[in-house]
Amino acid sequence: MARNITPKNQDYSQWYLDVIKASELADYAPVRGCMVIRPTGYALWESIQGHFDKGFKDTGHVNAYFPLLIPNSFLEKEAEHVEGFAPECAVVTHAGGEELEEPLIVRPTSETVIGHMYSKWVQSWRDLPILINQWCNVMRWEKRPRLFLRTSEFLWQEGHTAHATREEAMEETLRMLEVYRSIMCDILAIPVIAGEKSEGERFPGADNTYTCEAMMSDRKALQAGTSHFLGQNFAKAFDIKFQSQNLEVEYAWTTSWGVSTRLIGALIMTHSDDDGLILPPRVAPVKAVILPISTSDVTLNEKLLPMAREIEEKLNKVLGGKFVKVDTQFHMRPGERFFTHLQKGVPLRLELGEKELDESCLMAVRRDTSEKRALAIDALEVLVPQLLEDIQKNLFNRALKFREENTFSVSTLEEFRKIFENSGGFVRAYFAGGAEEEKAIKEIGGVTVRCFPLEDNSTGKCFFTGKEGARLAIFAKSY
RNA sequence: CGGGGCGUAGCGCAGUCUGGUUAGCGCACCUGCUUUGGGAGCAGGGGGUCGAAGGUUCGAAUCCUUUCGCCCCGACCA
């Protein structure tokens, strides 16, 4: 077992921080609440970005960039929006050695500037829809920061679209939710529940918010991504109007949706163990590492290393990228070399020593199960991709199983309390309350409505108010 | 923003109560030798003026004042 990582069941948050440190994903910055994303972490982010970016492009979106600084007055144009974001805004009051006439907000999100620009760009129904995404950083001042989960500055993607009709905008909102859901499940191997947010959890200024909720390995929920149906709220605040085909002047319907570097936190807390990070192969920047091992420098340099290079090249060709690396940390002893890759979450370790040389095979060790298996060198190009896919599936299924084992259906408040007093987890219950009732429930150890799952539109008797016709909701403590 | 704790080498700490040799230990790091299939052993070595400022004193990591920062627990959050 790793000796620099606190066991998960001893102290979960320390374990989380230790995993990040050991895997060299990130480090603390000099400014509280900010983090440095180290090369290993950034490579992971780039990989995540790549998959999502493709998902956006495939659904017709284009990338653009809007400015970091937003005039204070913009934020104030949408009442709920200001109220929601004002407490966490960082404000620039001085620049160029002078006090600014109007303070500038460091963007906490860009609905307002983008709304402003869209109003200039939209005149006719022919200008719609606008389907723009931007990759950027945002700032939301945090009182209690946690690496990747809640930092004052974080990296994310925000999609902003404007449509001619309500139906189209709603379709877009749900389409992007589905893009999120499928990438999280298929690529990040994180099982998520797609659902609608409750009144109390809605994005400030949205008519409706949809979310992908995941269960972390401590049974708490993590909101992994959100998609908002903004109605005409921002269109009215920023005057995004167009003339329709039947000559009427109408307000546009807008949406926005985002995922952030929080996904890295989700990956850590979904898959990793007491030995460190575990990454699903499809998102891992390094999918396999080849370790030439020998006590003899001659064997190492003249036989094993060239062979490892050859295998590296072959596998990279099959995998379609530089996903396989040769480990050349020869100043370390083998055990130490194993550990560095273990902690960094490399899905597959391929050991190449004298034994393997004689039998012309590689010893493959899976990160997810520690299972060892000799692979014939001739068959590597088939077996390695297979093994990687196996690991991918196993990680997803393992996480799904964990979530299911920790999801409980209840119909009374008493049962509800009992679960959160004991193990915790996800609770499924019919719920018909509003913001008031949500507040009351929050008194029960901070439990909140995570979402109303889209896949289940059954109705029943509310466990809290007793009203009939209540929707099915998922409750949990959350990050 | 309320409650608690802590700032001494890159990290983790001892020393502080009861001022007094050149400020110490473990890990990490560097060099050498022996090792090498799941975190090696031995030997040698480099690195800190003790968060900052001011004060008390012959003398301050240690006492006093001020200040900054961080961590943990609660209220707010992608």
# chains A, B, ... in the order shown; residues from 1 in each chain; ligands from 1
$ select_by_dssp --residues "region 30-199 of chain A" --states "strand (DSSP E)" --output "ChimeraX atom specification"
/A:35-37,62-63,69-71,90-95,98-106,130-139,153-163,192-196
$ write_last_selection --atoms "N, CA and C atoms" --output "tab-separated table (two decimals), in the first residue's frame"
chain	number	residue	atom	x	y	z
A	35	MET	N	-5.36	27.41	-7.58
A	35	MET	CA	-4.49	26.24	-7.69
A	35	MET	C	-3.67	26.30	-8.97
A	36	VAL	N	-2.54	25.61	-8.91
A	36	VAL	CA	-1.72	25.43	-10.10
A	36	VAL	C	-2.06	24.06	-10.63
A	37	ILE	N	-2.46	24.00	-11.88
A	37	ILE	CA	-2.71	22.70	-12.50
A	37	ILE	C	-1.39	22.27	-13.12
A	62	VAL	N	-19.73	26.19	-32.35
A	62	VAL	CA	-18.41	26.72	-32.70
A	62	VAL	C	-17.83	27.41	-31.47
A	63	ASN	N	-16.51	27.49	-31.44
A	63	ASN	CA	-15.86	28.13	-30.31
A	63	ASN	C	-15.59	29.61	-30.58
A	69	LEU	N	-13.23	40.57	-18.34
A	69	LEU	CA	-13.80	41.63	-17.50
A	69	LEU	C	-15.17	42.05	-18.00
A	70	ILE	N	-16.08	42.18	-17.04
A	70	ILE	CA	-17.46	42.52	-17.37
A	70	ILE	C	-17.87	43.77	-16.60
A	71	PRO	N	-18.45	44.76	-17.28
A	71	PRO	CA	-18.90	45.96	-16.56
A	71	PRO	C	-19.89	45.58	-15.46
A	90	ALA	N	-15.30	38.86	-7.81
A	90	ALA	CA	-14.10	39.64	-7.59
A	90	ALA	C	-14.23	40.88	-8.48
A	91	VAL	N	-13.90	42.03	-7.94
A	91	VAL	CA	-14.13	43.28	-8.65
A	91	VAL	C	-12.82	44.04	-8.87
A	92	VAL	N	-12.60	44.50	-10.07
A	92	VAL	CA	-11.43	45.32	-10.36
A	92	VAL	C	-11.85	46.78	-10.24
A	93	THR	N	-11.23	47.50	-9.32
A	93	THR	CA	-11.61	48.90	-9.12
A	93	THR	C	-10.54	49.86	-9.62
A	94	HIS	N	-9.32	49.37	-9.72
A	94	HIS	CA	-8.22	50.24	-10.16
A	94	HIS	C	-7.50	49.62	-11.34
A	95	ALA	N	-7.08	50.47	-12.24
A	95	ALA	CA	-6.27	50.02	-13.37
A	95	ALA	C	-5.55	51.23	-13.94
A	98	GLU	N	-5.21	54.35	-11.83
A	98	GLU	CA	-6.34	55.22	-11.49
A	98	GLU	C	-7.53	54.40	-11.05
A	99	GLU	N	-8.42	55.02	-10.34
A	99	GLU	CA	-9.65	54.34	-9.99
A	99	GLU	C	-10.54	54.35	-11.23
A	100	LEU	N	-11.16	53.21	-11.50
A	100	LEU	CA	-12.01	53.12	-12.69
A	100	LEU	C	-13.35	53.80	-12.44
A	101	GLU	N	-13.91	54.37	-13.49
A	101	GLU	CA	-15.22	55.01	-13.35
A	101	GLU	C	-16.29	53.99	-13.01
A	102	GLU	N	-16.21	52.85	-13.69
A	102	GLU	CA	-17.14	51.78	-13.37
A	102	GLU	C	-16.34	50.53	-13.01
A	103	PRO	N	-16.61	49.96	-11.85
A	103	PRO	CA	-15.87	48.74	-11.47
A	103	PRO	C	-16.11	47.65	-12.50
A	104	LEU	N	-15.10	46.79	-12.67
A	104	LEU	CA	-15.22	45.67	-13.60
A	104	LEU	C	-15.22	44.36	-12.83
A	105	ILE	N	-16.14	43.49	-13.22
A	105	ILE	CA	-16.25	42.21	-12.55
A	105	ILE	C	-15.38	41.19	-13.29
A	106	VAL	N	-14.62	40.41	-12.56
A	106	VAL	CA	-13.94	39.27	-13.18
A	106	VAL	C	-15.01	38.20	-13.37
A	130	ILE	N	-27.82	30.93	-32.66
A	130	ILE	CA	-26.39	31.14	-32.44
A	130	ILE	C	-25.95	30.04	-31.49
A	131	LEU	N	-24.94	29.31	-31.91
A	131	LEU	CA	-24.49	28.17	-31.11
A	131	LEU	C	-23.00	28.32	-30.81
A	132	ILE	N	-22.70	29.06	-29.73
A	132	ILE	CA	-21.31	29.35	-29.42
A	132	ILE	C	-20.90	28.74	-28.09
A	133	ASN	N	-19.65	28.27	-28.09
A	133	ASN	CA	-19.07	27.76	-26.85
A	133	ASN	C	-17.77	28.51	-26.61
A	134	GLN	N	-17.41	28.67	-25.33
A	134	GLN	CA	-16.06	29.17	-25.07
A	134	GLN	C	-15.40	28.38	-23.95
A	135	TRP	N	-14.10	28.15	-24.15
A	135	TRP	CA	-13.28	27.52	-23.12
A	135	TRP	C	-12.54	28.65	-22.42
A	136	CYS	N	-12.65	28.75	-21.12
A	136	CYS	CA	-12.00	29.85	-20.43
A	136	CYS	C	-11.88	29.58	-18.94
A	137	ASN	N	-11.40	30.59	-18.24
A	137	ASN	CA	-11.36	30.53	-16.77
A	137	ASN	C	-12.45	31.45	-16.25
A	138	VAL	N	-12.95	31.15	-15.06
A	138	VAL	CA	-13.89	32.06	-14.41
A	138	VAL	C	-13.48	32.17	-12.95
A	139	MET	N	-14.04	33.19	-12.30
A	139	MET	CA	-13.69	33.40	-10.90
A	139	MET	C	-14.93	33.55	-10.04
A	153	GLU	N	-10.70	30.32	-8.74
A	153	GLU	CA	-10.60	30.38	-10.20
A	153	GLU	C	-10.66	28.95	-10.70
A	154	PHE	N	-11.44	28.72	-11.74
A	154	PHE	CA	-11.40	27.40	-12.33
A	154	PHE	C	-11.55	27.48	-13.84
A	155	LEU	N	-11.17	26.41	-14.49
A	155	LEU	CA	-11.29	26.35	-15.94
A	155	LEU	C	-12.58	25.64	-16.28
A	156	TRP	N	-13.21	26.11	-17.32
A	156	TRP	CA	-14.43	25.43	-17.72
A	156	TRP	C	-14.72	25.73	-19.17
A	157	GLN	N	-15.90	25.33	-19.54
A	157	GLN	CA	-16.43	25.57	-20.87
A	157	GLN	C	-17.81	26.09	-20.62
A	158	GLU	N	-18.20	27.14	-21.34
A	158	GLU	CA	-19.58	27.60	-21.23
A	158	GLU	C	-20.17	27.75	-22.62
A	159	GLY	N	-21.24	27.02	-22.86
A	159	GLY	CA	-21.94	27.13	-24.13
A	159	GLY	C	-23.06	28.13	-23.96
A	160	HIS	N	-23.24	28.98	-24.97
A	160	HIS	CA	-24.31	29.98	-24.92
A	160	HIS	C	-25.02	29.98	-26.26
A	161	THR	N	-26.30	29.67	-26.22
A	161	THR	CA	-27.02	29.63	-27.49
A	161	THR	C	-28.27	30.49	-27.42
A	162	ALA	N	-28.66	30.96	-28.60
A	162	ALA	CA	-29.88	31.77	-28.71
A	162	ALA	C	-30.73	31.18	-29.83
A	163	HIS	N	-32.02	31.09	-29.57
A	163	HIS	CA	-32.93	30.43	-30.51
A	163	HIS	C	-34.18	31.26	-30.74
A	192	VAL	N	-23.72	8.84	-14.26
A	192	VAL	CA	-24.39	10.04	-13.77
A	192	VAL	C	-25.89	9.93	-13.99
A	193	ILE	N	-26.63	10.63	-13.15
A	193	ILE	CA	-28.07	10.69	-13.31
A	193	ILE	C	-28.40	12.05	-13.91
A	194	ALA	N	-29.03	12.02	-15.07
A	194	ALA	CA	-29.44	13.27	-15.70
A	194	ALA	C	-30.81	13.64	-15.14
A	195	GLY	N	-30.92	14.87	-14.70
A	195	GLY	CA	-32.19	15.26	-14.11
A	195	GLY	C	-32.40	16.75	-14.10
A	196	GLU	N	-33.57	17.12	-13.57
A	196	GLU	CA	-33.91	18.53	-13.49
A	196	GLU	C	-33.64	19.02	-12.07
$ interface_residues --of "chain A" --to "chain B" --cutoff "6 Å" --atoms "only C-alpha atoms (C1' of nucleotides)" --output "list in words"
Thr295, Arg333, Gly335 and Glu336 of chain A
$ closest_residue --among "A:Leu75, A:Ala43, A:Ala266, A:Ile293" --to "Glu354 (chain A)" --atoms "only C-alpha atoms"
A:Ile293
$ residues_around --residues "C27 (chain B)" --least-positions-apart "5" --cutoff "12 Å" --atoms "only C-alpha atoms (C1' of nucleotides)" --output "PyMOL selection string"
(chain A and resi 3-4) or (chain B and resi 9-13)
$ residues_around --residues "Glu415 (chain A)" --least-positions-apart "6" --cutoff "10 Å" --atoms "only C-alpha atoms (C1' of nucleotides)" --output "JSON, numbers by chain"
{"A": [408, 409, 421, 427, 463]}
$ atom_distance --atom1 "CA of Ile377 (chain A)" --atom2 "CA of Gln392 (chain A)"
22.2 Å
$ residues_around --residues "region 56-62 of chain B" --least-positions-apart "6" --cutoff "7 Å" --atoms "only C-alpha atoms (C1' of nucleotides)" --output "NGL selection string"
:B and (8 or 16 or 19-20 or 50)
$ residues_around --residues "Arg126 (chain A)" --least-positions-apart "2" --cutoff "9 Å" --atoms "only C-alpha atoms (C1' of nucleotides)" --output "MDAnalysis selection string"
chainID A and resid 122:124 128:129 242:245
$ closest_residue --among "B:G54, B:G4, B:G46, B:G26" --to "C71 (chain B)" --atoms "only C-alpha atoms (C1' of nucleotides)"
B:G4
$ select_by_dssp --residues "region 282-406 of chain A" --states "alpha helix (DSSP H)" --output "PyMOL selection string"
chain A and resi 297-298+305-319+334-344+354-359+380-405
$ residues_around --residues "Ala376 (chain A)" --least-positions-apart "5" --cutoff "10 Å" --atoms "only C-alpha atoms (C1' of nucleotides)" --output "ChimeraX atom specification"
/A:356,359-363,381,383
$ decode --residues "region 226-237 of chain A" --atoms "all heavy atoms" --output "short mmCIF file (atom, residue, chain, number, x, y, z; two decimals), in the first residue's frame"
data_model
loop_
_atom_site.label_atom_id
_atom_site.label_comp_id
_atom_site.auth_asym_id
_atom_site.auth_seq_id
_atom_site.Cartn_x
_atom_site.Cartn_y
_atom_site.Cartn_z
N THR A 226 -23.95 21.18 -15.75
CA THR A 226 -25.32 21.69 -15.76
C THR A 226 -25.66 22.31 -17.11
O THR A 226 -24.80 22.84 -17.80
CB THR A 226 -25.54 22.77 -14.68
OG1 THR A 226 -24.45 23.69 -14.71
CG2 THR A 226 -25.64 22.16 -13.30
N SER A 227 -26.93 22.25 -17.43
CA SER A 227 -27.44 22.83 -18.67
C SER A 227 -28.68 23.64 -18.30
O SER A 227 -29.58 23.12 -17.66
CB SER A 227 -27.79 21.71 -19.65
OG SER A 227 -28.18 22.25 -20.90
N HIS A 228 -28.67 24.92 -18.69
CA HIS A 228 -29.75 25.80 -18.25
C HIS A 228 -30.64 26.26 -19.40
O HIS A 228 -30.16 26.67 -20.45
CB HIS A 228 -29.17 27.06 -17.59
CG HIS A 228 -28.09 26.78 -16.60
ND1 HIS A 228 -28.33 26.13 -15.41
CD2 HIS A 228 -26.76 27.03 -16.63
CE1 HIS A 228 -27.19 26.02 -14.75
NE2 HIS A 228 -26.22 26.55 -15.47
N PHE A 229 -31.93 26.21 -19.13
CA PHE A 229 -32.89 26.81 -20.03
C PHE A 229 -33.18 28.20 -19.46
O PHE A 229 -33.75 28.33 -18.37
CB PHE A 229 -34.17 25.96 -20.07
CG PHE A 229 -35.27 26.61 -20.85
CD1 PHE A 229 -35.20 26.72 -22.23
CD2 PHE A 229 -36.39 27.13 -20.20
CE1 PHE A 229 -36.22 27.34 -22.95
CE2 PHE A 229 -37.41 27.75 -20.91
CZ PHE A 229 -37.31 27.85 -22.29
N LEU A 230 -32.71 29.23 -20.16
CA LEU A 230 -32.78 30.59 -19.60
C LEU A 230 -34.05 31.33 -19.99
O LEU A 230 -34.23 32.50 -19.62
CB LEU A 230 -31.55 31.38 -20.04
CG LEU A 230 -30.19 30.76 -19.65
CD1 LEU A 230 -29.05 31.55 -20.25
CD2 LEU A 230 -30.03 30.65 -18.15
N GLY A 231 -34.91 30.65 -20.73
CA GLY A 231 -36.15 31.30 -21.16
C GLY A 231 -35.83 32.56 -21.95
O GLY A 231 -34.93 32.57 -22.78
N GLN A 232 -36.57 33.62 -21.65
CA GLN A 232 -36.30 34.90 -22.32
C GLN A 232 -35.71 35.90 -21.33
O GLN A 232 -35.61 37.08 -21.61
CB GLN A 232 -37.59 35.45 -22.92
CG GLN A 232 -38.10 34.62 -24.10
CD GLN A 232 -39.37 35.18 -24.69
OE1 GLN A 232 -40.31 35.48 -23.97
NE2 GLN A 232 -39.39 35.30 -26.02
N ASN A 233 -35.29 35.38 -20.17
CA ASN A 233 -34.81 36.28 -19.11
C ASN A 233 -33.63 37.14 -19.54
O ASN A 233 -33.62 38.35 -19.33
CB ASN A 233 -34.44 35.49 -17.86
CG ASN A 233 -35.61 34.65 -17.36
OD1 ASN A 233 -36.77 35.00 -17.62
ND2 ASN A 233 -35.33 33.57 -16.68
N PHE A 234 -32.64 36.48 -20.10
CA PHE A 234 -31.45 37.24 -20.51
C PHE A 234 -31.71 38.01 -21.80
O PHE A 234 -31.17 39.09 -22.02
CB PHE A 234 -30.23 36.33 -20.62
CG PHE A 234 -29.68 35.95 -19.27
CD1 PHE A 234 -30.17 34.85 -18.59
CD2 PHE A 234 -28.71 36.74 -18.67
CE1 PHE A 234 -29.70 34.52 -17.33
CE2 PHE A 234 -28.22 36.42 -17.40
CZ PHE A 234 -28.72 35.30 -16.73
N ALA A 235 -32.57 37.46 -22.65
CA ALA A 235 -32.92 38.16 -23.89
C ALA A 235 -33.60 39.49 -23.55
O ALA A 235 -33.32 40.52 -24.16
CB ALA A 235 -33.83 37.29 -24.74
N LYS A 236 -34.46 39.45 -22.53
CA LYS A 236 -35.14 40.68 -22.13
C LYS A 236 -34.17 41.64 -21.45
O LYS A 236 -34.20 42.84 -21.70
CB LYS A 236 -36.32 40.36 -21.20
CG LYS A 236 -37.51 39.80 -21.99
CD LYS A 236 -38.67 39.42 -21.10
CE LYS A 236 -39.82 38.87 -21.98
NZ LYS A 236 -40.81 38.14 -21.17
N ALA A 237 -33.30 41.11 -20.61
CA ALA A 237 -32.35 41.96 -19.90
C ALA A 237 -31.34 42.61 -20.86
O ALA A 237 -30.89 43.72 -20.62
CB ALA A 237 -31.63 41.16 -18.83
#
